[in-house]
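J.: The structure under discussion is supplied below as structure tokens; questions concerning it will follow.
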Amino acid sequence: MDNWRKSAGAFWASFLPPTVWLVAFFLAPLSLIWMFSFGVKSGITDIDITWTFQQYARALEPLYLEIFAKSLWMAAVTTFICLIIGFPVAIAIVFAPPKARMWLLLLVILPFWTNLLIRTYALIAVLRTRGHVNFTLEWAWENANGLLTFIGLGSFNLLGDKFEPLALLYNNTAVVVGLVYVALPFMVLPLYAALDRLDRTFIEASLDLGAGHIRTFWSVVVPLALPGIASGIVITFIPTLGSFLTPDLLGGTDSQMIANVIERQFKSANDWPFGAALSFLLMYVTFFGLALRALLTRREGIGDRT
Amino acid sequence: MSSLSKMFGRKDRAEIGPLEYHRRIWLRVTVALTLIFLYMPILTLMAFSFNDSKRNIVWRGFTFKYYEKAINNSELIEAFLNSLTIAFVSTIASVILGALTAYVLWRFRFPFRAVYEGTMALPVVIPEICMGVALMVFFLRTGFNTGGWVWPFNLSAITIAHIAFSFPFAAIVIRARLESFNTELSESAKDLGASEFQVFKDIIVPHMKPGLIAGALLAFTLSLDDFVITFFTSGPGTLTFPVKIYSMVRFSVTPEVNAASTVLIVITVIITALALRLQNRNNMMQAG
């Protein structure tokens, strides 16, 4: 690496354009709403920046604390489900033959490249009252009923009079399903990376020495993959916590997450200072998660050297 | 386990080895179910865009009707063209800015370099909603109201926002490519009298090329896939594809949306396939 003074011209020519862009169209906007978060509304569009903590205090009111708690809870449940599903999938990919491994990885990543809105829309089409899941269930119900009639039990109405479609959409469960659907690749990739690095002879040794697969999993695989697991949890949790579209389209009136409240402050409620304060609280939580992850991966680095 | 594999008619195959986890039935079932969960919604969406039925749920025969309808929906086409324009401009700018960022971080030692690197990674990590509202407020407050300008300049605000979140991604990809550069090449060129710019243009950029292409494809898909930031930075006058689809989806599920979505999915899959192909070829070239 060269000292920048040695070829100052080249340095400035390549340093300035991206830096100016980042400062003008990223740092400046963020600083603006950071300042707004310490202000109060004094008119329809006027904001007095009085350096008050009023907006942050308001964010700690029970109503908003509840939404924060709910968002954290939803993100935690989503992360947990992703971990439960993602771990076996990652194991299967790691131990698959090279060619199959490449295809499986590709298949897990591909949805990630598809537009989030389209994926969410696809889920709506599957889950809605007249959607594919309910349609399949109705079909199964009719056939089961037909079978019951056929064997002479039709008059008992064992399955109820009429098929009742399940309300799969516009509730918290739908939001969690949507979040898992979106976040699963985030979990599988770090787990895959961690398991891929893992020295297989440890597993072989454990199996040779008489431990079963389950014991080997808990006492060998999980401890060795722990940094990858932690990384996966953080990487899944952070975007899930801040997700806007999924709760907006799949959720009901009571499944609003923090991003939906932020959106409302900036659009319909038109309360920018409060929305700004909420945005920054969300960002601080994100930074905390990232710092935690950096700490964990650094510890892993030290472990590698010794 | 062996009786099970006999049941499935695999007598001829060897016993499952202790580490052949991928051949265990329960793992296969888990992977299969996960893939069904991931793909079933998208594939049904695509399949039902060809379905000749308004109810959109019972298969009534194959048709291109909804594609015709989507093509004749002038707002949808305008939104689609706008999104492609934004993605195109954003890609070019992101690759240039990303390449410069990667180059600076790769080549120079300067004060607060670590802080600079961390700040450059911020757009990648902060929640989209925060960036979206910040840019929206910024554009409104600075009076940068491009909505009324003539096409394609009415898309300026959205394009600027897209560049701001795409170029740090491109920088990461291009930086990875630069790591394999042999500095002796540039040093000998300088010894032989090449200027700083000549070295950059004739030696470093050609070496970067695969990274530039990969970064471009990444920036293009990022721009095309983005909803949240586009949603916040598009004024009432500008139509973009995700925002148009969003307003259509809020009303109901229609086969027209399926058709338009299918087109977008196909475009993204083709670009991703291209990117992976290029990456593979690079890896092979490096190995060989």
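Ligands are numbered from 1 in the order shown, residues from 1 within each chain, and chains are lettered A, B, ... in the order they appear in the structure tokens.
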Write out as a PyMOL selection string every residue belonging to chain A that has an atom at most 6 Å from any atom of chain B, counting only C-alpha atoms.
T.: chain A and resi 1-4+14+18+29-30+33+89+92+95-96+115+122-123+242+279
J.: Mind the document's chain letters and residue numbers, and return as a list in words the residues of range 17-202 of chain A that DSSP labels strand (DSSP E).
T.: Gly39, Val40, Lys41, Ile47, Asp48 and Ile49 of chain A
J.: Given only C-alpha atoms as the basis, pick out the residue of B:Leu84, B:Ala259, B:Leu217, B:Ala121 nearest to Leu278 in chain B.
T.: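 Smallest separation from Leu278 in chain B among the options: B:Leu217.
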J.: Have a look at B:Phe50, B:Tyr67, B:Phe220, B:Phe153 and name the one nearest to Thr91 in chain B; count only C-alpha atoms.
T.: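 Nearest candidate to Thr91 in chain B out of B:Phe50, B:Tyr67, B:Phe220, B:Phe153: B:Phe220.
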J.: Check the smallest atom-to-atom distance from each of B:Phe231, B:Phe169, B:Phe251, B:Tyr66 to Leu212 in chain B using only C-alpha atoms, then report the winner.
T.: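 Nearest candidate to Leu212 in chain B out of B:Phe231, B:Phe169, B:Phe251, B:Tyr66: B:Phe169.
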